[in-house]
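Enquirer: Contents are TSV, C-alpha atoms and all ligand atoms; file name data-v4.tsv:
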chain	number	residue	atom	x	y	z
F	7	MET	CA	73.28	94.35	86.97
F	8	GLY	CA	75.19	91.22	86.04
F	9	ALA	CA	73.02	90.13	83.12
F	10	GLN	CA	75.02	91.87	80.41
F	11	ARG	CA	78.41	90.62	81.59
F	12	HIS	CA	80.26	87.37	81.21
F	13	PRO	CA	81.10	85.62	84.52
F	14	SER	CA	84.83	85.74	83.73
F	15	THR	CA	84.73	89.54	84.05
F	16	VAL	CA	84.57	88.89	87.81
F	17	TRP	CA	88.18	87.65	87.76
F	18	LEU	CA	89.51	89.28	84.58
F	19	ARG	CA	88.65	92.86	85.55
F	20	VAL	CA	90.06	94.32	88.79
F	21	SER	CA	89.24	97.72	90.27
F	22	HIS	CA	90.53	99.18	93.52
F	23	SER	CA	87.13	98.69	95.17
F	24	LYS	CA	86.94	95.04	94.12
F	25	LEU	CA	90.46	94.43	95.39
F	26	ASP	CA	89.78	96.26	98.66
F	27	ASP	CA	86.45	94.49	99.20
F	28	TYR	CA	87.85	90.98	98.81
F	29	ARG	CA	90.90	91.88	100.90
F	30	ALA	CA	88.85	93.45	103.70
F	31	CYS	CA	86.24	90.68	103.83
F	32	PRO	CA	85.87	87.79	101.36
F	33	LEU	CA	82.09	87.57	101.89
F	34	ARG	CA	81.61	91.28	101.22
F	35	GLY	CA	83.64	90.91	98.02
F	36	HIS	CA	81.55	87.92	97.00
F	37	LEU	CA	78.23	89.67	97.61
F	38	ASN	CA	79.32	92.90	95.91
F	39	TRP	CA	81.10	91.40	92.90
F	40	GLY	CA	80.52	87.64	92.61
F	41	VAL	CA	76.73	87.63	92.90
F	42	PRO	CA	75.78	91.33	92.77
F	43	LYS	CA	72.17	92.20	93.51
F	44	PRO	CA	70.47	95.52	94.23
F	45	GLN	CA	70.97	96.31	97.91
F	46	VAL	CA	69.41	98.66	100.38
F	47	GLN	CA	71.91	101.51	100.30
F	48	GLN	CA	73.57	103.22	103.22
F	49	PRO	CA	72.67	106.94	103.59
F	50	GLU	CA	76.36	107.95	103.50
F	51	THR	CA	76.77	106.11	100.20
F	52	VAL	CA	73.86	107.77	98.43
F	53	PHE	CA	74.84	111.17	99.83
F	54	GLY	CA	78.33	110.66	98.40
F	55	SER	CA	76.88	109.74	95.01
F	56	ALA	CA	74.70	112.85	95.06
F	57	MET	CA	77.67	115.06	95.96
F	58	HIS	CA	79.70	113.63	93.07
F	59	TYR	CA	76.80	114.39	90.75
F	60	MET	CA	76.55	118.00	91.95
F	61	PHE	CA	80.31	118.57	91.71
F	62	ARG	CA	80.31	117.21	88.16
F	63	LEU	CA	77.36	119.38	87.21
F	64	PHE	CA	79.14	122.49	88.52
F	65	MET	CA	82.49	121.75	86.91
F	66	LYS	CA	81.17	120.78	83.48
F	67	PRO	CA	80.79	123.50	80.83
F	68	HIS	CA	77.98	123.40	78.32
F	69	PRO	CA	79.21	121.20	75.43
F	70	ARG	CA	78.41	123.78	72.74
F	71	THR	CA	78.69	127.22	74.34
F	72	LYS	CA	81.50	126.16	76.76
F	73	ARG	CA	79.89	128.36	79.40
F	74	TYR	CA	79.70	127.14	82.99
F	75	PRO	CA	76.31	126.82	84.70
F	76	TYR	CA	75.20	128.01	88.14
F	77	GLY	CA	77.26	131.15	88.52
F	78	GLU	CA	75.17	132.13	91.56
F	79	LEU	CA	75.13	130.19	94.78
F	80	GLU	CA	71.35	130.35	95.23
F	81	LEU	CA	70.83	128.82	91.81
F	82	PHE	CA	73.23	125.99	92.62
F	83	LYS	CA	71.50	125.34	95.95
F	84	ASN	CA	68.12	125.22	94.22
F	85	VAL	CA	69.40	122.55	91.85
F	86	TRP	CA	70.55	120.56	94.87
F	87	LYS	CA	67.15	120.94	96.49
F	88	GLY	CA	65.33	119.60	93.43
F	89	PHE	CA	67.80	116.79	92.78
F	90	TRP	CA	68.04	115.53	96.35
F	91	TRP	CA	64.34	115.46	97.13
F	92	ARG	CA	63.41	113.85	93.84
F	93	ALA	CA	65.99	111.12	94.55
F	94	VAL	CA	64.68	110.68	98.11
F	95	LYS	CA	61.15	110.33	96.70
F	96	GLY	CA	62.35	107.66	94.28
F	97	LYS	CA	61.86	109.67	91.07
F	98	HIS	CA	65.44	108.82	90.05
F	99	GLY	CA	68.67	107.56	91.60
F	100	PHE	CA	71.32	109.45	93.56
F	101	GLU	CA	74.06	109.12	90.93
F	102	SER	CA	72.22	111.19	88.30
F	103	ARG	CA	68.77	112.10	87.03
F	104	THR	CA	68.79	109.05	84.77
F	105	ALA	CA	69.97	106.51	87.38
F	106	PRO	CA	67.42	104.01	88.71
F	107	PRO	CA	65.85	104.80	92.11
F	108	ALA	CA	67.50	103.31	95.20
F	109	LYS	CA	66.18	102.01	98.50
F	110	VAL	CA	67.98	103.63	101.42
F	111	ALA	CA	68.27	102.57	105.07
F	112	TRP	CA	67.51	105.99	106.56
F	113	GLU	CA	68.04	106.23	110.32
F	114	ASP	CA	64.64	107.91	110.77
F	115	ASP	CA	62.18	110.07	108.84
F	116	ALA	CA	64.22	113.21	109.46
F	117	HIS	CA	67.48	111.75	108.16
F	118	PRO	CA	67.04	112.87	104.51
F	119	GLY	CA	66.40	116.40	105.78
F	120	ARG	CA	69.55	116.41	107.89
F	121	LEU	CA	71.61	115.27	104.92
F	122	PHE	CA	69.96	117.86	102.71
F	123	GLY	CA	71.09	120.58	105.14
F	124	ALA	CA	74.60	119.11	105.30
F	125	GLY	CA	74.65	119.10	101.50
F	126	LEU	CA	73.89	122.84	101.40
F	127	ASN	CA	77.00	123.52	103.51
F	128	VAL	CA	79.18	121.19	101.46
F	129	LEU	CA	78.05	122.74	98.19
F	130	GLU	CA	78.49	126.31	99.43
F	131	GLU	CA	82.11	125.57	100.31
F	132	PHE	CA	82.64	123.79	96.98
F	133	PHE	CA	81.09	126.74	95.13
F	134	ASN	CA	83.32	129.27	96.90
F	135	GLN	CA	86.47	127.31	96.20
F	136	HIS	CA	85.70	126.40	92.60
F	137	LEU	CA	83.82	129.33	91.05
F	138	LYS	CA	86.98	130.99	89.74
F	139	LEU	CA	89.08	127.88	89.56
F	140	ARG	CA	86.75	126.08	87.13
F	141	THR	CA	87.29	128.73	84.46
F	142	GLU	CA	90.99	129.29	85.13
F	143	ARG	CA	92.28	125.73	85.24
F	144	PRO	CA	91.56	123.20	82.47
F	145	HIS	CA	90.24	119.95	83.84
F	146	LEU	CA	88.93	116.58	82.77
F	147	LEU	CA	86.02	114.96	84.58
F	148	GLU	CA	85.29	111.33	85.43
F	149	ARG	CA	87.89	109.73	83.18
F	150	ARG	CA	87.60	105.98	82.82
F	151	PHE	CA	90.76	103.89	82.38
F	152	SER	CA	91.48	100.23	81.58
F	153	VAL	CA	95.07	99.05	81.82
F	154	SER	CA	95.96	95.58	80.46
F	155	PHE	CA	98.23	93.35	82.49
F	156	GLY	CA	98.61	89.82	81.19
F	157	ASP	CA	95.04	88.67	80.67
F	158	ILE	CA	93.57	90.92	83.36
F	159	ILE	CA	92.47	94.54	83.20
F	160	LEU	CA	92.93	97.11	85.92
F	161	SER	CA	90.13	99.64	85.68
F	162	GLY	CA	88.65	102.65	87.41
F	163	ILE	CA	87.25	106.15	87.05
F	164	ILE	CA	89.21	109.23	88.11
F	165	ASP	CA	86.90	111.95	89.46
F	166	ARG	CA	88.90	114.86	88.08
F	167	ILE	CA	92.23	115.70	86.49
F	168	ASP	CA	93.40	119.33	86.73
F	169	LEU	CA	95.89	120.39	84.09
F	170	GLU	CA	98.50	123.01	85.00
F	171	PRO	CA	101.53	124.18	83.03
F	172	ASP	CA	103.92	122.02	85.04
F	173	GLY	CA	101.85	118.86	85.20
F	174	ALA	CA	98.58	117.20	86.09
F	175	THR	CA	96.84	116.70	89.43
F	176	VAL	CA	94.65	113.66	89.96
F	177	ILE	CA	91.77	114.52	92.30
F	178	ASP	CA	89.34	112.30	94.12
F	179	TYR	CA	86.32	113.52	96.11
F	180	LYS	CA	85.89	111.90	99.50
F	181	PRO	CA	83.72	112.64	102.55
F	182	ARG	CA	86.80	112.15	104.73
F	183	TYR	CA	90.09	110.35	104.33
F	184	ASP	CA	92.64	109.02	106.80
F	185	ARG	CA	96.41	109.40	106.69
F	186	LEU	CA	97.04	105.71	106.11
F	187	SER	CA	94.86	105.65	102.98
F	188	LEU	CA	96.53	108.82	101.74
F	189	ASP	CA	100.00	107.32	102.14
F	190	LEU	CA	99.34	103.70	101.19
F	191	GLY	CA	95.76	103.21	99.96
F	192	SER	CA	95.28	101.22	96.78
F	193	GLN	CA	92.79	103.65	95.23
F	194	LEU	CA	95.29	106.42	94.55
F	195	THR	CA	97.82	103.88	93.31
F	196	PHE	CA	95.24	102.62	90.82
F	197	TYR	CA	94.64	106.21	89.74
F	198	GLN	CA	98.33	106.85	89.22
F	199	ILE	CA	98.49	103.73	87.04
F	200	GLY	CA	95.36	104.89	85.21
F	201	TYR	CA	96.65	108.42	84.69
F	202	ASN	CA	99.88	107.13	83.17
F	203	GLN	CA	97.76	105.46	80.52
F	204	LEU	CA	95.34	108.39	80.05
F	205	ARG	CA	98.12	110.96	79.63
F	206	LYS	CA	98.99	109.47	76.24
F	207	ARG	CA	95.75	110.96	74.98
F	208	ILE	CA	96.18	114.38	76.63
F	209	LYS	CA	97.83	117.13	74.62
F	210	GLY	CA	101.48	117.50	75.65
F	211	ARG	CA	101.30	114.29	77.70
F	212	PRO	CA	101.70	116.20	80.99
F	213	PRO	CA	103.45	114.26	83.74
F	214	LEU	CA	101.60	113.51	86.96
F	215	LYS	CA	102.47	116.23	89.46
F	216	ARG	CA	100.43	115.25	92.50
F	217	LEU	CA	97.59	113.19	93.95
F	218	ARG	CA	94.99	115.07	95.98
F	219	ILE	CA	91.82	114.37	97.90
F	220	TYR	CA	89.09	116.98	98.20
F	221	GLN	CA	87.55	116.14	101.57
F	222	TYR	CA	84.12	117.57	101.07
F	223	TRP	CA	82.78	117.40	104.63
F	224	THR	CA	85.41	119.95	105.66
F	225	GLY	CA	86.36	121.53	102.32
F	226	GLU	CA	90.01	120.62	102.92
F	227	TRP	CA	92.55	119.52	100.35
F	228	LEU	CA	94.70	116.55	101.38
F	229	GLU	CA	97.98	115.82	99.64
F	230	ALA	CA	99.00	112.22	98.98
F	231	PRO	CA	102.52	111.18	98.02
F	232	LEU	CA	103.08	109.99	94.48
F	233	ARG	CA	103.35	106.23	94.44
F	234	SER	CA	106.70	104.51	93.98
F	235	GLU	CA	107.49	101.80	91.46
F	236	SER	CA	107.28	99.21	94.20
F	237	ASP	CA	103.82	100.49	95.28
F	238	ILE	CA	102.68	100.12	91.69
F	239	GLY	CA	104.28	96.70	91.36
F	240	MET	CA	102.46	95.58	94.48
F	241	ILE	CA	99.10	96.62	93.00
F	242	PHE	CA	99.81	94.55	89.88
F	243	ARG	CA	100.88	91.69	92.08
F	244	SER	CA	97.79	91.94	94.35
F	245	SER	CA	95.49	92.19	91.33
F	246	ALA	CA	97.03	89.08	89.78
F	247	GLU	CA	96.67	87.18	93.04
F	248	LEU	CA	93.04	88.28	93.38
F	249	SER	CA	92.36	87.21	89.82
F	250	TRP	CA	93.72	83.72	90.45
F	251	TYR	CA	92.01	83.45	93.82
F	252	LEU	CA	88.67	84.23	92.15
F	253	ARG	CA	89.33	81.79	89.32
F	254	GLY	CA	89.98	79.16	92.00
F	255	ILE	CA	86.67	79.94	93.72
F	256	TYR	CA	84.42	80.63	90.76
F	257	GLY	CA	86.19	79.36	87.66
F	258	ASP	CA	85.78	76.09	85.81
F	259	GLN	CA	89.39	74.97	86.19
F	260	GLN	CA	91.46	73.82	89.16
F	261	LEU	CA	94.53	75.89	89.90
F	262	ASP	CA	97.82	74.06	89.69
F	263	GLU	CA	100.31	73.91	92.55
F	264	ARG	CA	102.64	76.52	91.05
F	265	ILE	CA	99.91	79.15	91.09
F	266	LEU	CA	98.56	78.18	94.51
F	267	ALA	CA	102.05	78.55	95.97
F	268	GLN	CA	102.18	82.14	94.68
F	269	ILE	CA	98.96	83.34	96.32
F	270	HIS	CA	99.96	85.02	99.58
F	271	GLN	CA	97.42	87.78	100.11
F	272	PHE	CA	94.32	85.61	100.06
F	273	ASN	CA	93.43	82.46	101.95
F	274	VAL	CA	93.82	79.54	99.55
F	275	GLY	CA	91.98	77.39	102.11
F	276	HIS	CA	88.81	79.05	100.78
F	277	LEU	CA	89.44	77.39	97.41
F	278	VAL	CA	89.33	73.95	99.01
F	279	VAL	CA	85.86	74.45	100.49
F	280	GLY	CA	84.65	76.71	97.64
F	281	ASP	CA	83.34	79.28	100.07
F	282	LEU	CA	84.11	82.89	100.99
F	283	PRO	CA	83.46	83.59	104.67
F	284	PRO	CA	82.93	86.95	106.40
F	285	LYS	CA	85.84	88.45	108.25
F	286	LEU	CA	84.87	87.85	111.87
F	287	PRO	CA	84.72	89.30	114.41
F	288	ARG	CA	82.96	92.22	112.82
F	289	GLY	CA	84.60	95.57	113.30
F	290	LYS	CA	85.63	98.77	111.58
F	291	HIS	CA	85.69	97.04	108.20
F	292	CYS	CA	81.90	96.58	108.52
F	293	GLN	CA	81.16	100.30	108.93
F	294	TYR	CA	79.48	100.87	105.56
F	295	CYS	CA	78.79	97.25	104.63
F	296	PRO	CA	75.28	96.85	103.20
F	297	HIS	CA	75.26	93.10	103.96
F	298	LEU	CA	75.40	93.21	107.76
F	299	HIS	CA	71.75	92.33	108.41
F	300	HIS	CA	71.14	90.03	105.44
F	301	GLY	CA	73.93	88.23	103.59
F	302	CYS	CA	76.35	88.29	106.50
F	303	ALA	CA	73.75	87.35	109.12
F	304	ALA	CA	72.55	84.50	106.88
F	305	TRP	CA	76.11	83.18	106.48
F	306	VAL	CA	76.65	83.20	110.25
F	307	ALA	CA	73.34	81.33	110.67
F	308	GLY	CA	74.60	78.72	108.18
F	309	GLN	CA	71.84	79.30	105.65
F	310	PRO	CA	73.27	80.01	102.19
F	311	PRO	CA	75.06	77.45	100.00
F	312	PRO	CA	78.83	77.90	99.49
F	313	ALA	CA	80.01	80.83	97.35
F	314	ARG	CA	81.03	78.56	94.43
F	315	GLN	CA	77.53	77.12	94.18
F	316	GLN	CA	75.89	80.53	94.56
F	317	PHE	CA	78.05	81.90	91.79
F	318	GLN	CA	77.15	79.07	89.43
F	319	GLU	CA	73.44	79.40	90.15
F	320	TYR	CA	73.57	83.19	89.79
F	321	TRP	CA	75.25	83.05	86.39
F	322	ASP	CA	73.11	80.12	85.23
F	323	GLN	CA	70.08	82.31	85.80
F	324	ASN	CA	71.67	85.01	83.65
F	325	ARG	CA	72.55	82.44	81.03
F	326	ALA	CA	68.91	81.28	80.94
F	327	ALA	CA	67.94	84.84	80.03
F	328	THR	CA	70.39	84.91	77.09
F	329	MET	CA	69.44	84.33	73.44
F	330	PRO	CA	70.16	80.69	72.40
F	331	THR	CA	72.46	81.82	69.54
F	332	GLN	CA	74.71	83.57	72.04
F	333	LEU	CA	75.14	80.57	74.32
F	334	PRO	CA	78.27	79.03	72.71
F	335	LEU	CA	80.01	82.39	73.20
F	336	LEU	CA	79.43	82.18	76.95
F	337	GLN	CA	81.89	79.30	77.32
F	338	HIS	CA	84.65	80.82	79.38
F	339	SER	CA	87.41	79.25	77.29
F	340	VAL	CA	85.95	80.68	74.06
F	341	VAL	CA	85.55	84.16	75.48
F	342	ALA	CA	88.90	84.17	77.26
F	343	ALA	CA	90.71	83.08	74.09
F	344	ALA	CA	89.01	85.82	72.10
F	345	VAL	CA	89.75	88.41	74.76
F	346	ASN	CA	93.38	87.38	74.89
F	347	ALA	CA	93.75	87.48	71.12
F	348	TYR	CA	92.18	90.91	71.00
F	349	ARG	CA	94.34	92.30	73.79
F	350	THR	CA	97.50	90.80	72.38
F	351	SER	CA	96.80	92.57	69.12
F	352	LEU	CA	96.65	95.87	71.01
F	353	LEU	CA	99.67	95.48	73.22
F	354	ASP	CA	103.22	96.55	72.59
F	355	PRO	CA	105.44	93.55	71.84
F	356	GLU	CA	107.32	93.89	75.14
F	357	HIS	CA	104.08	93.55	77.10
F	358	ILE	CA	102.91	90.39	75.41
F	359	GLN	CA	105.25	88.21	77.39
F	360	ILE	CA	104.11	89.36	80.83
F	361	ASP	CA	103.97	86.44	83.22
F	362	LEU	CA	101.59	87.02	86.11
F	363	PHE	CA	103.85	85.06	88.41
F	364	PRO	CA	107.41	85.29	87.14
F	365	GLU	CA	109.81	83.02	89.00
F	366	SER	CA	111.77	86.01	90.30
F	367	THR	CA	108.74	87.74	91.87
F	368	PRO	CA	109.46	88.11	95.57
F	369	SER	CA	106.88	86.82	98.02
F	370	ALA	CA	104.31	89.40	99.17
J	401	LIG	S1	79.21	92.97	107.91
J	401	LIG	FE1	81.45	92.89	108.09
J	401	LIG	S2	81.98	90.73	108.27
J	401	LIG	FE2	79.87	90.85	107.48
J	401	LIG	S3	80.06	90.80	105.20
J	401	LIG	FE3	80.06	92.94	105.82
J	401	LIG	S4	82.23	93.49	106.04
J	401	LIG	FE4	82.09	91.24	106.09
Is it possible to express this structure as structure tokens?
Expert:
Amino acid sequence: MGAQRHPSTVWLRVSHSKLDDYRACPLRGHLNWGVPKPQVQQPETVFGSAMHYMFRLFMKPHPRTKRYPYGELELFKNVWKGFWWRAVKGKHGFESRTAPPAKVAWEDDAHPGRLFGAGLNVLEEFFNQHLKLRTERPHLLERRFSVSFGDIILSGIIDRIDLEPDGATVIDYKPRYDRLSLDLGSQLTFYQIGYNQLRKRIKGRPPLKRLRIYQYWTGEWLEAPLRSESDIGMIFRSSAELSWYLRGIYGDQQLDERILAQIHQFNVGHLVVGDLPPKLPRGKHCQYCPHLHHGCAAWVAGQPPPARQQFQEYWDQNRAATMPTQLPLLQHSVVAAAVNAYRTSLLDPEHIQIDLFPESTPSA
């Protein structure tokens, strides 16, 4: 997974899930993003991936004829049956028919069958709600965005954007969602930032009208408030702090005092020891963590080397697999300089001067 990337992407590219992982538990962030390896997946995770795939399939017209597939419920359910069981048998992954197979920590032998049945109910409700809507309302599916901020990039993928005469609705599919995440969660704030960039490429540049969650376990629509300027500013601020925190852990340069003094949302004590510990005691934040029985248990038992050393060894292994002629380009300073030059050439003049930590920035 990490072989094609440069190590600096770990701190130069920030998504809502990376930010949330490192904030919720530094070790989980490290294992998911610093030294990513294929993990045994949680059943809820693969079910969610499969649902996203089915929703996309249903909402996407044929590229040439523009006709929508699966106009009958039974047909749609049959597609689900084939897709789910082939993924369970390891013929392909749960994200799509071309994704690599995944290992899953099923509760018991009957667990895939229970989720298959649950999927039938979810898809029937989705079908009933979207059969007419998909032809009546223009929409964009799985739109990727990358927003430059200083030398970092905020990125993500928006599940769906519905376009109506008076504006656009950003939609995310979730199994369930709580009120706190609706009101304050970073994911929808990232999407609002992302939409404001994407809209430049949409005809008429429609303004963002609302943020919505389709909660697929119940078929309910949940409304989230549009984010304020200060919510958006806080995401930029948090992303910048995360980026510097990760440079301090993984990077090849020591952070100076001015930067350290500006990091409030992460524990700068971790930079001194070069390690990222789990957030103990374990609790709700561990609910879907795939590292509970392996990476986390090993850390508690004192087995693995510190995160900084793991990171270096992990990326050294990737470097060893790289063609010799490419090696000079893997120097962080060379790549970062090139990335900066490229981004600067793309930015508007007023954005070039962005300081990640301006003197006037209030403390978080
Ligand atoms: S199980 Fe909990 S404490 Fe351990 S790595 Fe995962 S989220 Fe962190």
Enquirer: Which distance in Å separates atom CA of Gly77 of chain F and atom CA of Glu170 of chain F, to one decimal?
Expert: 23.0 Å
Enquirer: Edge lengths and centre, in Å to one decimal, as AutoDock Vina command-line options: that's what I need for the box along x, y and z that holds all listed atoms of ligand LIG 401 (chain J) plus 6 Å on each side.
Expert:
--center_x 80.7 --center_y 92.1 --center_z 106.7 --size_x 15.0 --size_y 14.8 --size_z 15.1
Enquirer: Please produce, as CSV, a per-residue contact table for chain F versus ligand LIG 401 (chain J) (criterion: any atom at most 10 Å away, all atoms listed in the file considered), showing the nearest atom pair and its distance in Å to one decimal, sorted by chain then residue number.
Expert:
residue,atom,partner,partner_atom,distance
F:Asp27,CA,J:LIG401,S4,8.1
F:Tyr28,CA,J:LIG401,FE4,9.3
F:Ala30,CA,J:LIG401,S4,7.0
F:Cys31,CA,J:LIG401,FE4,4.8
F:Pro32,CA,J:LIG401,FE4,7.0
F:Leu33,CA,J:LIG401,S3,5.1
F:Arg34,CA,J:LIG401,S3,4.3
F:Gly35,CA,J:LIG401,S3,8.0
F:His36,CA,J:LIG401,S3,8.8
F:Leu37,CA,J:LIG401,S3,7.9
F:Asn38,CA,J:LIG401,S3,9.6
F:Leu282,CA,J:LIG401,S3,9.8
F:Pro283,CA,J:LIG401,FE4,7.9
F:Pro284,CA,J:LIG401,S2,4.3
F:Lys285,CA,J:LIG401,S2,4.5
F:Leu286,CA,J:LIG401,S2,5.4
F:Pro287,CA,J:LIG401,S2,6.9
F:Arg288,CA,J:LIG401,S2,4.9
F:Gly289,CA,J:LIG401,FE1,6.7
F:Lys290,CA,J:LIG401,FE1,8.0
F:His291,CA,J:LIG401,S4,5.4
F:Cys292,CA,J:LIG401,FE1,3.7
F:Gln293,CA,J:LIG401,FE1,7.5
F:Tyr294,CA,J:LIG401,S4,7.9
F:Cys295,CA,J:LIG401,FE3,4.6
F:Pro296,CA,J:LIG401,FE3,6.7
F:His297,CA,J:LIG401,FE3,5.2
F:Leu298,CA,J:LIG401,S1,3.8
F:His299,CA,J:LIG401,S1,7.5
F:His300,CA,J:LIG401,S1,8.9
F:Gly301,CA,J:LIG401,S3,6.8
F:Cys302,CA,J:LIG401,FE2,4.5
F:Ala303,CA,J:LIG401,FE2,7.2
F:Ala304,CA,J:LIG401,FE2,9.7
F:Trp305,CA,J:LIG401,FE2,8.6
F:Val306,CA,J:LIG401,FE2,8.8
Enquirer: Each residue of segment 172-240 of chain F lying at most 12 Å from segment 40-50 of chain F should get a row with its shortest atom-to-atom pair and the distance in Å to one decimal, counting all atoms listed in the file; could you produce that, ordered by chain and increasing number, as JSON lines?
Expert:
{"residue": "F:Lys180", "atom": "CA", "partner": "F:Glu50", "partner_atom": "CA", "distance": 11.1}
{"residue": "F:Pro181", "atom": "CA", "partner": "F:Glu50", "partner_atom": "CA", "distance": 8.8}
{"residue": "F:Arg182", "atom": "CA", "partner": "F:Glu50", "partner_atom": "CA", "distance": 11.3}
{"residue": "F:Trp223", "atom": "CA", "partner": "F:Glu50", "partner_atom": "CA", "distance": 11.5}
Enquirer: Using atom CA of Lys97 of chain F and atom CA of Pro67 of chain F as the two end points, give the distance in Å to one decimal.
Expert: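 That distance, rounded to one decimal, is 25.6 Å.
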Enquirer: Point out the residue among F:Phe242, F:Phe82, F:Trp17, F:Phe122 with the least atom-to-atom distance to Ser192 of chain F, counting all atoms listed in the file.
Expert: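 Once distances to Ser192 of chain F are computed over all atoms listed in the file, the minimum belongs to F:Phe242.
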Enquirer: Which distance in Å separates atom CA of Ala230 of chain F and atom CA of Glu101 of chain F, to one decimal?
Expert: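 Distance between the two atoms: 26.4 Å.
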Enquirer: Taking only C-alpha atoms into account, name the residue in F:Leu252, F:Ala246, F:Val16, F:Ala105 that is nearest to Phe89 of chain F.
Expert: F:Ala105
Enquirer: Using only C-alpha atoms, which of F:Ala56, F:Ile159, F:Ile208, F:Ala116 sits nearest Gly88 of chain F?
Expert: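 That would be F:Ala56, the residue with the smallest distance to Gly88 of chain F.
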Enquirer: Pick the closest to Glu235 of chain F from F:Gln268, F:Arg218, F:Gln198, F:Tyr183: which is it, counting only C-alpha atoms?
Expert: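 Under the stated criterion, the closest residue is F:Gln198.
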Enquirer: Kindly provide the residues of segment 208-269 of chain F that approach segment 307-326 of chain F to within 10 Å, each paired with its closest atom pair and their distance in Å to one decimal, based on all atoms listed in the file, listed by chain and increasing number, as CSV.
Expert:
residue,atom,partner,partner_atom,distance
F:Leu252,CA,F:Arg314,CA,9.8
F:Gly254,CA,F:Arg314,CA,9.3
F:Ile255,CA,F:Arg314,CA,5.8
F:Tyr256,CA,F:Arg314,CA,5.4
F:Gly257,CA,F:Arg314,CA,8.5
F:Asp258,CA,F:Gln318,CA,9.8
Enquirer: Out of F:Val52, F:Leu129, F:Ile241, F:Ala108, which residue has the shortest atom-to-atom distance to Leu190 of chain F when counting all atoms listed in the file?
Expert: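 Of all the options, F:Ile241 lies closest to Leu190 of chain F.
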Enquirer: Neighbouring residues of Val85 of chain F were defined as those with any atom within 12 Å, considering all atoms listed in the file; residues of the same chain fewer than 2 positions away were excluded. Please report them as a count of residues only.
Expert: 26
Enquirer: Using only C-alpha atoms, which residue out of F:Thr224, F:Ser244, F:Gln203, F:Gln259 lies closest to Val153 of chain F?
Expert: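 Among F:Thr224, F:Ser244, F:Gln203, F:Gln259, it is F:Gln203 that comes nearest to Val153 of chain F.
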Enquirer: Could you please fill out segment 296-307 of chain F with N, CA and C atoms and send it back as a CSV table (one decimal), in the coordinates of the input?
Expert:
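Result file is out.csv:
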chain,number,residue,atom,x,y,z
F,296,PRO,N,76.7,97.0,103.3
F,296,PRO,CA,75.3,96.8,103.2
F,296,PRO,C,74.8,95.4,103.5
F,297,HIS,N,75.7,94.5,103.8
F,297,HIS,CA,75.3,93.1,104.0
F,297,HIS,C,75.1,92.7,105.4
F,298,LEU,N,75.4,93.6,106.3
F,298,LEU,CA,75.4,93.2,107.8
F,298,LEU,C,74.2,92.4,108.2
F,299,HIS,N,73.0,92.9,107.9
F,299,HIS,CA,71.8,92.3,108.4
F,299,HIS,C,71.2,91.2,107.5
F,300,HIS,N,71.7,91.0,106.3
F,300,HIS,CA,71.1,90.0,105.4
F,300,HIS,C,72.2,89.0,105.1
F,301,GLY,N,73.0,89.2,104.1
F,301,GLY,CA,73.9,88.2,103.6
F,301,GLY,C,74.9,87.8,104.7
F,302,CYS,N,75.4,88.7,105.5
F,302,CYS,CA,76.4,88.3,106.5
F,302,CYS,C,75.7,87.5,107.6
F,303,ALA,N,74.5,88.0,108.1
F,303,ALA,CA,73.8,87.4,109.1
F,303,ALA,C,73.4,86.0,108.7
F,304,ALA,N,73.0,85.8,107.4
F,304,ALA,CA,72.6,84.5,106.9
F,304,ALA,C,73.7,83.5,106.9
F,305,TRP,N,74.9,84.0,106.5
F,305,TRP,CA,76.1,83.2,106.5
F,305,TRP,C,76.4,82.7,107.9
F,306,VAL,N,76.4,83.6,108.9
F,306,VAL,CA,76.6,83.2,110.2
F,306,VAL,C,75.6,82.2,110.7
F,307,ALA,N,74.4,82.3,110.3
F,307,ALA,CA,73.3,81.3,110.7
F,307,ALA,C,73.4,80.0,109.9
